[in-house]
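J.: structure24.tsv is reproduced in full below (TSV, C-alpha atoms).
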chain	number	residue	atom	x	y	z
A	1	MET	CA	-9.21	-11.08	-10.55
A	2	SER	CA	-11.02	-14.17	-11.80
A	3	THR	CA	-10.24	-16.01	-14.99
A	4	ARG	CA	-12.67	-13.72	-16.80
A	5	ARG	CA	-11.18	-10.42	-17.81
A	6	VAL	CA	-12.80	-7.35	-16.28
A	7	ALA	CA	-10.19	-4.91	-17.55
A	8	GLY	CA	-7.20	-4.76	-19.86
A	9	PRO	CA	-3.98	-6.58	-18.91
A	10	GLU	CA	-2.31	-3.22	-18.15
A	11	ILE	CA	-4.56	-2.71	-15.11
A	12	GLU	CA	-4.06	-6.27	-13.93
A	13	ARG	CA	-0.30	-5.81	-14.20
A	14	LEU	CA	-0.54	-2.62	-12.11
A	15	ILE	CA	-2.52	-4.51	-9.45
A	16	GLN	CA	-0.04	-7.38	-9.49
A	17	LEU	CA	2.95	-5.04	-9.00
A	18	LEU	CA	1.21	-3.00	-6.29
A	19	SER	CA	0.47	-6.23	-4.39
A	20	LYS	CA	4.24	-6.72	-3.99
A	21	LEU	CA	4.52	-3.62	-1.81
A	22	PRO	CA	4.81	-4.38	1.91
A	23	GLY	CA	1.48	-3.72	3.60
A	24	LEU	CA	-0.61	-4.33	0.48
A	25	GLY	CA	-2.19	-7.71	-0.22
A	26	PRO	CA	-4.04	-8.70	-3.41
A	27	ARG	CA	-7.28	-7.13	-2.20
A	28	SER	CA	-5.82	-3.81	-1.05
A	29	ALA	CA	-3.65	-3.68	-4.19
A	30	ARG	CA	-6.84	-3.79	-6.22
A	31	ARG	CA	-8.31	-0.99	-4.16
A	32	ALA	CA	-5.11	1.01	-4.54
A	33	ALA	CA	-5.02	0.50	-8.32
A	34	LEU	CA	-8.64	1.58	-8.63
A	35	HIS	CA	-7.97	4.62	-6.47
A	36	LEU	CA	-4.98	5.49	-8.68
A	37	VAL	CA	-6.79	5.24	-12.01
A	38	GLN	CA	-9.82	7.07	-10.66
A	39	LYS	CA	-7.63	9.90	-9.31
A	40	LYS	CA	-5.48	10.17	-12.36
A	41	ASP	CA	-4.58	13.85	-12.13
A	42	GLN	CA	-4.28	14.14	-8.34
A	43	LEU	CA	-2.46	10.88	-7.64
A	44	LEU	CA	-1.57	8.57	-10.54
A	45	ILE	CA	0.32	11.13	-12.63
A	46	PRO	CA	2.27	12.67	-9.69
A	47	LEU	CA	3.13	9.22	-8.31
A	48	ALA	CA	4.27	7.95	-11.71
A	49	GLU	CA	6.47	11.03	-12.02
A	50	ALA	CA	7.88	10.65	-8.49
A	51	MET	CA	8.73	7.04	-9.29
A	52	GLY	CA	10.40	8.05	-12.52
A	53	VAL	CA	12.52	10.55	-10.60
A	54	ALA	CA	13.38	7.85	-8.06
A	55	VAL	CA	14.38	5.46	-10.84
A	56	ASP	CA	16.72	8.07	-12.29
A	57	GLN	CA	18.17	9.55	-9.13
A	58	VAL	CA	18.04	7.17	-6.17
A	59	GLY	CA	21.20	5.26	-5.42
A	60	ILE	CA	23.32	3.93	-2.59
A	61	CYS	CA	25.58	6.35	-0.72
A	62	SER	CA	29.14	5.18	-1.36
A	63	GLU	CA	30.14	6.39	2.09
A	64	CYS	CA	27.49	4.98	4.47
A	65	GLY	CA	25.33	2.69	2.33
A	66	THR	CA	21.97	4.43	2.82
A	67	VAL	CA	19.64	5.18	-0.09
A	68	ASP	CA	19.38	8.74	-1.31
A	69	THR	CA	19.21	10.89	-4.41
A	70	SER	CA	22.70	12.28	-3.86
A	71	ASP	CA	26.08	10.67	-3.23
A	72	PRO	CA	27.44	11.33	-0.65
A	73	CYS	CA	23.98	11.30	0.90
A	74	THR	CA	22.12	14.09	2.70
A	75	ILE	CA	23.34	12.81	6.07
A	76	CYS	CA	26.99	12.25	5.14
A	77	SER	CA	27.20	15.72	3.59
A	78	ASP	CA	25.44	17.52	6.47
A	79	PRO	CA	28.11	19.69	8.15
A	80	ARG	CA	26.02	20.10	11.33
A	81	ARG	CA	26.32	16.43	12.16
A	82	ASP	CA	29.01	14.99	14.39
A	83	GLY	CA	31.28	13.10	12.01
A	84	ALA	CA	33.28	11.60	14.89
A	85	THR	CA	30.39	9.29	15.78
A	86	ILE	CA	29.16	6.53	13.49
A	87	VAL	CA	25.91	4.71	14.27
A	88	VAL	CA	25.97	1.22	12.73
A	89	VAL	CA	22.55	-0.10	11.69
A	90	GLU	CA	21.38	-3.21	9.90
A	91	ASP	CA	19.07	-1.56	7.44
A	92	VAL	CA	18.02	1.83	6.08
A	93	SER	CA	14.69	1.46	7.90
A	94	ASP	CA	16.59	1.37	11.21
A	95	LEU	CA	18.43	4.56	10.23
A	96	TRP	CA	15.11	6.26	9.48
A	97	ALA	CA	13.65	5.04	12.79
A	98	LEU	CA	16.60	6.47	14.75
A	99	GLU	CA	16.32	9.76	12.86
A	100	ARG	CA	12.64	9.99	13.72
A	101	ALA	CA	13.61	9.67	17.37
A	102	SER	CA	16.06	12.61	16.83
A	103	ALA	CA	18.20	11.01	19.52
A	104	VAL	CA	21.56	11.44	17.88
A	105	SER	CA	23.04	13.82	15.34
A	106	ALA	CA	25.78	11.62	13.97
A	107	HIS	CA	26.78	9.82	10.83
A	108	TYR	CA	25.53	6.33	10.02
A	109	HIS	CA	26.74	3.12	8.48
A	110	VAL	CA	24.24	0.72	6.95
A	111	LEU	CA	25.36	-2.94	7.01
A	112	GLY	CA	22.65	-4.18	4.68
A	113	GLY	CA	21.76	-7.16	6.90
A	114	THR	CA	23.24	-9.35	9.60
A	115	LEU	CA	25.66	-12.25	9.66
A	116	SER	CA	23.65	-15.41	9.16
A	117	PRO	CA	25.68	-18.55	8.36
A	118	LEU	CA	22.48	-20.57	7.84
A	119	ASP	CA	21.39	-18.19	5.06
A	120	GLY	CA	24.93	-18.07	3.67
A	121	ILE	CA	25.45	-14.42	4.65
A	122	GLY	CA	29.06	-13.88	5.70
A	123	PRO	CA	31.12	-10.76	6.46
A	124	ASP	CA	31.83	-10.15	2.76
A	125	ASP	CA	28.10	-9.87	2.03
A	126	LEU	CA	27.76	-7.00	4.48
A	127	ASN	CA	29.07	-3.44	4.21
A	128	ILE	CA	31.74	-4.08	6.89
A	129	SER	CA	35.04	-3.49	5.08
A	130	LYS	CA	33.89	0.02	4.14
A	131	LEU	CA	33.17	0.66	7.84
A	132	VAL	CA	36.73	-0.36	8.73
A	133	GLU	CA	38.01	1.86	5.93
A	134	ARG	CA	36.05	4.85	7.27
A	135	ILE	CA	37.53	4.31	10.74
A	136	GLU	CA	41.02	3.96	9.29
A	137	GLY	CA	40.49	7.53	8.08
A	138	GLY	CA	41.13	8.52	11.69
A	139	ALA	CA	38.29	11.00	12.27
A	140	VAL	CA	36.01	8.61	14.17
A	141	SER	CA	36.06	8.40	17.95
A	142	GLU	CA	32.92	6.34	18.67
A	143	VAL	CA	31.05	3.58	16.91
A	144	ILE	CA	27.55	2.93	18.27
A	145	LEU	CA	26.30	-0.55	17.34
A	146	ALA	CA	22.56	0.02	16.91
A	147	VAL	CA	21.74	-3.47	15.65
A	148	ASN	CA	18.60	-5.38	16.52
A	149	ALA	CA	18.51	-7.26	19.82
A	150	THR	CA	18.27	-10.57	17.97
A	151	VAL	CA	20.76	-13.44	17.90
A	152	GLU	CA	21.91	-12.43	14.41
A	153	GLY	CA	22.16	-8.77	15.38
A	154	GLN	CA	24.24	-9.53	18.46
A	155	THR	CA	26.47	-11.97	16.53
A	156	THR	CA	27.10	-9.23	13.98
A	157	ALA	CA	27.83	-6.74	16.77
A	158	HIS	CA	30.44	-9.09	18.27
A	159	PHE	CA	32.05	-9.63	14.88
A	160	ILE	CA	32.32	-5.89	14.22
A	161	THR	CA	33.71	-5.30	17.71
A	162	ASP	CA	36.46	-7.81	16.91
A	163	GLN	CA	37.21	-6.08	13.61
A	164	LEU	CA	37.53	-2.73	15.36
A	165	ALA	CA	39.57	-3.96	18.34
A	166	ARG	CA	42.82	-2.71	16.82
A	167	PHE	CA	41.60	0.90	16.77
A	168	GLU	CA	42.52	1.76	20.35
A	169	ASN	CA	41.18	5.32	20.19
A	170	VAL	CA	37.77	4.27	18.96
A	171	LYS	CA	35.13	3.54	21.59
A	172	VAL	CA	32.63	0.84	20.54
A	173	THR	CA	29.28	1.06	22.32
A	174	ARG	CA	25.87	-0.57	21.92
A	175	LEU	CA	22.29	0.43	22.67
A	176	ALA	CA	21.05	-0.10	26.22
A	177	HIS	CA	18.71	-3.01	26.90
A	178	GLY	CA	15.86	-2.42	29.30
A	179	VAL	CA	12.19	-1.69	29.77
A	180	PRO	CA	10.72	0.16	26.75
A	181	VAL	CA	9.37	3.61	27.65
A	182	GLY	CA	5.65	3.18	28.32
A	183	GLY	CA	6.11	-0.58	28.71
A	184	GLU	CA	4.45	-2.59	31.46
A	185	LEU	CA	6.60	-5.08	33.34
A	186	ASP	CA	3.85	-7.67	33.32
A	187	TYR	CA	4.02	-7.94	29.54
A	188	LEU	CA	7.80	-8.07	29.18
A	189	ASP	CA	9.83	-11.21	28.62
A	190	GLU	CA	12.21	-12.55	31.26
A	191	GLY	CA	15.33	-11.71	29.25
A	192	THR	CA	14.43	-8.02	29.04
A	193	LEU	CA	13.53	-7.86	32.74
A	194	ALA	CA	16.78	-9.56	33.74
A	195	GLN	CA	18.80	-7.11	31.60
A	196	ALA	CA	16.88	-4.14	32.99
A	197	LEU	CA	17.60	-5.25	36.56
A	198	ARG	CA	21.26	-5.96	35.88
A	199	ALA	CA	21.74	-2.53	34.23
A	200	ARG	CA	19.75	-0.63	36.86
A	201	THR	CA	20.79	2.97	37.43
A	202	LYS	CA	20.70	5.33	40.43
A	203	PHE	CA	17.31	7.06	40.78
B	204	MET	CA	10.24	12.05	8.61
B	205	SER	CA	11.43	14.50	11.24
B	206	THR	CA	12.41	18.08	10.58
B	207	ARG	CA	15.95	16.87	9.94
B	208	ARG	CA	16.50	15.59	6.46
B	209	VAL	CA	17.53	11.95	6.17
B	210	ALA	CA	17.20	11.79	2.40
B	211	GLY	CA	16.62	14.01	-0.60
B	212	PRO	CA	13.22	15.66	-1.13
B	213	GLU	CA	12.52	13.28	-4.03
B	214	ILE	CA	12.27	10.33	-1.63
B	215	GLU	CA	10.11	12.27	0.81
B	216	ARG	CA	7.76	13.20	-2.02
B	217	LEU	CA	7.51	9.54	-3.02
B	218	ILE	CA	6.63	8.63	0.58
B	219	GLN	CA	4.08	11.42	0.79
B	220	LEU	CA	2.32	10.31	-2.42
B	221	LEU	CA	2.37	6.63	-1.45
B	222	SER	CA	0.73	7.51	1.87
B	223	LYS	CA	-2.33	8.70	-0.08
B	224	LEU	CA	-3.05	5.18	-1.31
B	225	PRO	CA	-5.87	3.43	0.55
B	226	GLY	CA	-4.44	0.92	3.00
B	227	LEU	CA	-1.12	2.74	3.41
B	228	GLY	CA	-0.52	5.14	6.29
B	229	PRO	CA	2.56	7.34	6.77
B	230	ARG	CA	4.52	4.51	8.35
B	231	SER	CA	3.70	1.82	5.80
B	232	ALA	CA	4.23	4.35	2.99
B	233	ARG	CA	7.78	4.79	4.27
B	234	ARG	CA	8.30	1.04	4.30
B	235	ALA	CA	6.85	0.80	0.80
B	236	ALA	CA	9.09	3.60	-0.52
B	237	LEU	CA	12.15	1.98	1.00
B	238	HIS	CA	11.17	-1.38	-0.45
B	239	LEU	CA	10.75	0.26	-3.86
B	240	VAL	CA	14.10	2.05	-3.94
B	241	GLN	CA	15.89	-1.02	-2.58
B	242	LYS	CA	14.29	-3.27	-5.22
B	243	LYS	CA	14.83	-0.88	-8.08
B	244	ASP	CA	15.12	-3.42	-10.89
B	245	GLN	CA	12.56	-5.93	-9.67
B	246	LEU	CA	9.86	-3.51	-8.48
B	247	LEU	CA	10.44	0.24	-8.82
B	248	ILE	CA	11.20	0.28	-12.55
B	249	PRO	CA	8.37	-2.13	-13.54
B	250	LEU	CA	5.88	-0.29	-11.33
B	251	ALA	CA	6.91	3.12	-12.68
B	252	GLU	CA	6.45	1.73	-16.19
B	253	ALA	CA	3.06	0.18	-15.37
B	254	MET	CA	1.93	3.52	-13.96
B	255	GLY	CA	3.14	5.34	-17.04
B	256	VAL	CA	1.12	2.94	-19.19
B	257	ALA	CA	-1.91	3.50	-16.97
B	258	VAL	CA	-1.50	7.28	-17.26
B	259	ASP	CA	-1.46	7.00	-21.05
B	260	GLN	CA	-4.09	4.35	-21.61
B	261	VAL	CA	-6.61	4.12	-18.77
B	262	GLY	CA	-9.88	5.90	-19.30
B	263	ILE	CA	-13.59	5.63	-18.66
B	264	CYS	CA	-15.66	3.35	-20.90
B	265	SER	CA	-18.11	5.61	-22.73
B	266	GLU	CA	-20.68	2.81	-22.71
B	267	CYS	CA	-20.77	1.54	-19.11
B	268	GLY	CA	-18.55	3.94	-17.13
B	269	THR	CA	-15.99	1.44	-15.83
B	270	VAL	CA	-12.25	2.11	-16.01
B	271	ASP	CA	-10.23	0.27	-18.61
B	272	THR	CA	-7.46	0.66	-21.15
B	273	SER	CA	-9.85	0.30	-24.08
B	274	ASP	CA	-13.12	2.01	-25.01
B	275	PRO	CA	-15.53	0.25	-25.20
B	276	CYS	CA	-14.11	-1.69	-22.29
B	277	THR	CA	-13.13	-5.35	-22.08
B	278	ILE	CA	-16.56	-6.25	-20.66
B	279	CYS	CA	-18.68	-4.22	-23.09
B	280	SER	CA	-16.79	-5.67	-26.06
B	281	ASP	CA	-16.87	-9.30	-24.85
B	282	PRO	CA	-19.19	-11.17	-27.26
B	283	ARG	CA	-19.63	-14.09	-24.82
B	284	ARG	CA	-21.48	-11.90	-22.35
B	285	ASP	CA	-25.24	-11.54	-22.27
B	286	GLY	CA	-25.86	-8.04	-23.57
B	287	ALA	CA	-29.56	-8.22	-22.73
B	288	THR	CA	-28.82	-7.95	-18.99
B	289	ILE	CA	-27.30	-4.85	-17.40
B	290	VAL	CA	-26.07	-4.97	-13.80
B	291	VAL	CA	-26.16	-1.47	-12.30
B	292	VAL	CA	-23.46	-0.83	-9.65
B	293	GLU	CA	-22.43	2.22	-7.66
B	294	ASP	CA	-18.72	1.95	-8.24
B	295	VAL	CA	-16.08	0.09	-10.26
B	296	SER	CA	-15.03	-1.74	-7.10
B	297	ASP	CA	-18.54	-3.26	-6.89
B	298	LEU	CA	-18.26	-4.38	-10.51
B	299	TRP	CA	-14.93	-6.06	-9.75
B	300	ALA	CA	-16.41	-7.72	-6.65
B	301	LEU	CA	-19.32	-9.16	-8.65
B	302	GLU	CA	-16.93	-10.39	-11.33
B	303	ARG	CA	-14.82	-12.15	-8.69
B	304	ALA	CA	-17.97	-13.99	-7.61
B	305	SER	CA	-18.47	-15.04	-11.27
B	306	ALA	CA	-22.19	-15.02	-10.53
B	307	VAL	CA	-23.36	-13.33	-13.71
B	308	SER	CA	-22.02	-12.98	-17.24
B	309	ALA	CA	-23.73	-9.77	-18.20
B	310	HIS	CA	-22.93	-6.18	-19.05
B	311	TYR	CA	-22.58	-3.52	-16.36
B	312	HIS	CA	-23.39	0.12	-15.76
B	313	VAL	CA	-21.35	2.11	-13.25
B	314	LEU	CA	-23.28	5.00	-11.67
B	315	GLY	CA	-20.25	6.60	-10.06
B	316	GLY	CA	-21.95	7.06	-6.67
B	317	THR	CA	-25.39	7.30	-5.12
B	318	LEU	CA	-27.99	10.03	-4.85
B	319	SER	CA	-27.21	12.05	-1.74
B	320	PRO	CA	-29.06	15.37	-1.41
B	321	LEU	CA	-27.09	16.22	1.76
B	322	ASP	CA	-23.83	16.00	-0.19
B	323	GLY	CA	-25.36	17.79	-3.15
B	324	ILE	CA	-25.27	14.73	-5.39
B	325	GLY	CA	-28.31	14.69	-7.67
B	326	PRO	CA	-29.32	12.56	-10.69
B	327	ASP	CA	-27.25	14.69	-13.07
B	328	ASP	CA	-24.08	13.90	-11.12
B	329	LEU	CA	-24.54	10.19	-11.71
B	330	ASN	CA	-24.24	8.20	-14.92
B	331	ILE	CA	-28.01	7.70	-15.15
B	332	SER	CA	-29.00	9.35	-18.43
B	333	LYS	CA	-26.53	7.12	-20.29
B	334	LEU	CA	-28.21	4.09	-18.68
B	335	VAL	CA	-31.61	5.25	-19.98
B	336	GLU	CA	-30.03	5.80	-23.40
B	337	ARG	CA	-28.63	2.26	-23.43
B	338	ILE	CA	-32.05	0.86	-22.62
B	339	GLU	CA	-33.68	3.01	-25.31
B	340	GLY	CA	-31.42	1.07	-27.70
B	341	GLY	CA	-33.93	-1.77	-27.25
B	342	ALA	CA	-31.58	-4.70	-26.72
B	343	VAL	CA	-31.91	-4.85	-22.92
B	344	SER	CA	-34.47	-7.12	-21.25
B	345	GLU	CA	-33.36	-6.98	-17.60
B	346	VAL	CA	-31.72	-4.39	-15.35
B	347	ILE	CA	-30.33	-5.80	-12.10
B	348	LEU	CA	-29.89	-3.07	-9.48
B	349	ALA	CA	-26.81	-4.24	-7.56
B	350	VAL	CA	-26.47	-1.18	-5.34
B	351	ASN	CA	-25.42	-1.25	-1.71
B	352	ALA	CA	-28.05	-2.05	0.92
B	353	THR	CA	-27.69	1.44	2.39
B	354	VAL	CA	-30.25	4.24	2.53
B	355	GLU	CA	-28.48	6.07	-0.31
B	356	GLY	CA	-28.19	2.90	-2.37
B	357	GLN	CA	-31.86	2.08	-1.97
B	358	THR	CA	-32.92	5.68	-2.71
B	359	THR	CA	-30.89	5.52	-5.91
B	360	ALA	CA	-32.46	2.16	-6.80
B	361	HIS	CA	-35.95	3.63	-6.39
B	362	PHE	CA	-35.07	6.65	-8.53
B	363	ILE	CA	-33.70	4.46	-11.32
B	364	THR	CA	-36.76	2.19	-11.16
B	365	ASP	CA	-38.94	5.27	-11.72
B	366	GLN	CA	-36.81	6.36	-14.65
B	367	LEU	CA	-37.17	2.92	-16.25
B	368	ALA	CA	-40.89	2.48	-15.57
B	369	ARG	CA	-41.83	3.46	-19.13
B	370	PHE	CA	-39.84	0.56	-20.62
B	371	GLU	CA	-42.53	-2.09	-20.26
B	372	ASN	CA	-40.44	-4.90	-21.69
B	373	VAL	CA	-37.54	-4.32	-19.31
B	374	LYS	CA	-37.62	-6.23	-16.04
B	375	VAL	CA	-36.01	-4.32	-13.16
B	376	THR	CA	-34.71	-6.56	-10.35
B	377	ARG	CA	-32.57	-6.10	-7.27
B	378	LEU	CA	-30.23	-8.30	-5.23
B	379	ALA	CA	-31.85	-10.53	-2.61
B	380	HIS	CA	-31.56	-9.54	1.03
B	381	GLY	CA	-30.93	-12.30	3.54
B	382	VAL	CA	-28.48	-14.17	5.70
B	383	PRO	CA	-24.93	-13.99	4.25
B	384	VAL	CA	-23.55	-17.41	3.32
B	385	GLY	CA	-21.52	-18.59	6.33
B	386	GLY	CA	-23.25	-16.03	8.55
B	387	GLU	CA	-24.47	-16.83	12.06
B	388	LEU	CA	-27.94	-15.62	12.99
B	389	ASP	CA	-26.79	-14.54	16.44
B	390	TYR	CA	-24.53	-11.88	14.91
B	391	LEU	CA	-26.98	-10.49	12.35
B	392	ASP	CA	-28.98	-7.31	12.77
B	393	GLU	CA	-32.76	-7.37	13.13
B	394	GLY	CA	-33.38	-5.80	9.71
B	395	THR	CA	-31.51	-8.54	7.88
B	396	LEU	CA	-33.23	-11.26	9.91
B	397	ALA	CA	-36.66	-9.77	9.26
B	398	GLN	CA	-35.93	-9.58	5.50
B	399	ALA	CA	-34.59	-13.13	5.46
B	400	LEU	CA	-37.75	-14.41	7.15
B	401	ARG	CA	-40.07	-12.43	4.91
B	402	ALA	CA	-38.30	-13.67	1.77
B	403	ARG	CA	-38.04	-17.29	2.95
B	404	THR	CA	-38.05	-19.93	0.23
B	405	LYS	CA	-39.22	-23.56	0.03
B	406	PHE	CA	-36.57	-26.00	1.27
Could you write out this file's structure as structure tokens?
T.:
Amino acid sequence: MSTRRVAGPEIERLIQLLSKLPGLGPRSARRAALHLVQKKDQLLIPLAEAMGVAVDQVGICSECGTVDTSDPCTICSDPRRDGATIVVVEDVSDLWALERASAVSAHYHVLGGTLSPLDGIGPDDLNISKLVERIEGGAVSEVILAVNATVEGQTTAHFITDQLARFENVKVTRLAHGVPVGGELDYLDEGTLAQALRARTKF
Amino acid sequence: MSTRRVAGPEIERLIQLLSKLPGLGPRSARRAALHLVQKKDQLLIPLAEAMGVAVDQVGICSECGTVDTSDPCTICSDPRRDGATIVVVEDVSDLWALERASAVSAHYHVLGGTLSPLDGIGPDDLNISKLVERIEGGAVSEVILAVNATVEGQTTAHFITDQLARFENVKVTRLAHGVPVGGELDYLDEGTLAQALRARTKF
């Protein structure tokens, strides 16, 4: 908005807050705000209510660290899931991505980030001690480290592996590296190709 | 989200409503919802409050038809604006775009769409009779038709011009057609080039 006022400060505040959402810039936030106030009954009122509910009810699962409206969360309290396997992820978005793939029906553990000495993020800033505590409970037989294939992700994976070394009955695994499904070799980096060759399997 | 639940229905409802905002698809709505619940104090609570305020206070200006938290709106009640000039726009977003350009300090009139017989939108569905009423008030000397350069926009402009023909002291103008500032001739359509040539001005 320019220095001249075209609407009350309440609308400008709504635009300003919407522009902080990922995926919305100042221009699209303005469009979104206009859409909201023009669709008051169909969108603005239901969304305001849904946000109010989220404010009241959403919290962090004390078991795995994901966000949910119940504690323990929907996943931790799902009896159909395999509680002997814990998939360790960096962030809730990674958990949601793995669930969309429906590749595993296990429990999760959300670290809340990666080790990053440069940013001052050490082991105590991550949800690692609770992971160790869960494994001390004795019911876990496998920990799958589903962290990102970045330097920080791999550093964090190594650190957790060290922390879990004393649990001799717990297998620690990590995601396979290789060619993404649908990927073309020509567009892949050398590191991925080298890993895919090294980890080749019988056809 | 897949058929398996990864979080309570409250979060999925929030995602579903966010995905109805322009500029957000299902994937970015999920990212936005996660961002909101993870930044509860900094973003979710303020945004929920701002939406609550908008629900309570935002309405349509009974004078010009824009959305605002006051009636008459911020623009209609601004004494520094030239009340003798009314800029007619299709939608509130056009009003906001013109205000960003700071090209005119006048009053506005929001039609709420364009005439479109195929979609069953006739003169009574637009905010036209109120425009005529405002001009009958006698204080208006110029009506600038700032409608889109589309067939529907131009049809609407012609209809309004007819409606205002009886006000002999009111000048009805429209936006100039021509080469957009920064535009390259090679990329412009023939219609725009022809108009720009026809309406050429002394250098």
J.: Given only C-alpha atoms as the basis, pick out the residue of B:Arg216, B:Arg337, B:His361, B:His310 nearest to chain A.
T.: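 Under the stated criterion, the closest residue is B:Arg216.
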J.: Using only C-alpha atoms, I'd like a table of the residues in chain B that come within 8 Å of chain A; for each, show the closest atom pair and its distance in Å rounded to one decimal, ordered by chain and ascending number, as a tab-separated table.
T.:
residue	atom	partner	partner_atom	distance
B:Met204	CA	A:Arg100	CA	6.0
B:Ser205	CA	A:Arg100	CA	5.3
B:Arg207	CA	A:Glu99	CA	7.7
B:Arg208	CA	A:Thr74	CA	6.9
B:Val209	CA	A:Ile75	CA	5.9
B:Ala210	CA	A:Asp68	CA	5.3
B:Gly211	CA	A:Thr69	CA	5.6
B:Glu213	CA	A:Ala54	CA	6.8
B:Ile214	CA	A:Ala54	CA	7.0
B:Arg216	CA	A:Ala50	CA	7.0
B:Leu217	CA	A:Ala50	CA	5.6
B:Leu220	CA	A:Leu47	CA	6.0
B:Leu221	CA	A:Leu47	CA	7.4
B:Lys223	CA	A:Leu43	CA	7.9
B:Leu224	CA	A:Ala32	CA	5.7
B:Pro225	CA	A:Ala32	CA	5.7
B:Gly226	CA	A:Ser28	CA	6.4
B:Leu227	CA	A:Gly23	CA	7.0
B:Ser231	CA	A:Gly23	CA	6.4
B:Arg234	CA	A:Pro22	CA	6.9
B:Ala235	CA	A:Leu21	CA	5.6
B:Leu237	CA	A:Ser93	CA	7.4
B:His238	CA	A:Leu21	CA	7.1
B:Leu239	CA	A:Leu21	CA	7.6
B:Val240	CA	A:Val58	CA	6.8
B:Gln241	CA	A:Val67	CA	7.7
B:Lys243	CA	A:Val55	CA	6.9
B:Leu246	CA	A:Leu17	CA	7.1
B:Leu247	CA	A:Val55	CA	6.8
B:Ile248	CA	A:Val55	CA	6.3
B:Pro249	CA	A:Leu17	CA	7.6
B:Leu250	CA	A:Leu17	CA	6.0
B:Ala251	CA	A:Met51	CA	5.5
B:Glu252	CA	A:Ala48	CA	8.0
B:Ala253	CA	A:Leu14	CA	5.6
B:Met254	CA	A:Ala48	CA	5.5
B:Gly255	CA	A:Ala48	CA	6.0
B:Val256	CA	A:Glu10	CA	7.1
B:Ala257	CA	A:Glu10	CA	6.8
B:Val258	CA	A:Ile45	CA	6.3
B:Val261	CA	A:Val37	CA	6.9
B:Gly262	CA	A:Val37	CA	7.9
B:Val270	CA	A:Val37	CA	7.5
B:Asp271	CA	A:Ala7	CA	5.3
B:Thr272	CA	A:Gly8	CA	5.6
B:Ser273	CA	A:Gly8	CA	7.1
B:Cys276	CA	A:Ala7	CA	6.9
B:Thr277	CA	A:Ala7	CA	5.4
B:Ile278	CA	A:Val6	CA	5.9
B:Val295	CA	A:Leu34	CA	7.8
B:Ser296	CA	A:Leu34	CA	7.4
B:Trp299	CA	A:Val6	CA	7.0
B:Glu302	CA	A:Ser2	CA	7.0
B:Arg303	CA	A:Ser2	CA	5.3
B:Ser305	CA	A:Ser2	CA	7.5
J.: Calculate how many Å separate atom CA of A:Leu126 from atom CA of A:Ser62, rounding to one decimal.
T.: 13.6 Å
J.: Could you tell me how far atom CA of B:Val350 lies from atom CA of B:Val291, in Å and to one decimal?
T.: 7.0 Å
J.: How many Å lie between atom CA of A:Val151 and atom CA of A:Leu197, rounded to one decimal?
T.: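 Those two atoms sit 20.6 Å apart.
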J.: Padding 3 Å on every side, please: axis-aligned box over the listed atoms of stretch 284-294 of chain B, centre and edge lengths to one decimal in Å, as lines of an AutoDock Vina configuration file.
T.:
center_x = -24.1
center_y = -4.8
center_z = -15.6
size_x = 16.8
size_y = 20.1
size_z = 21.9
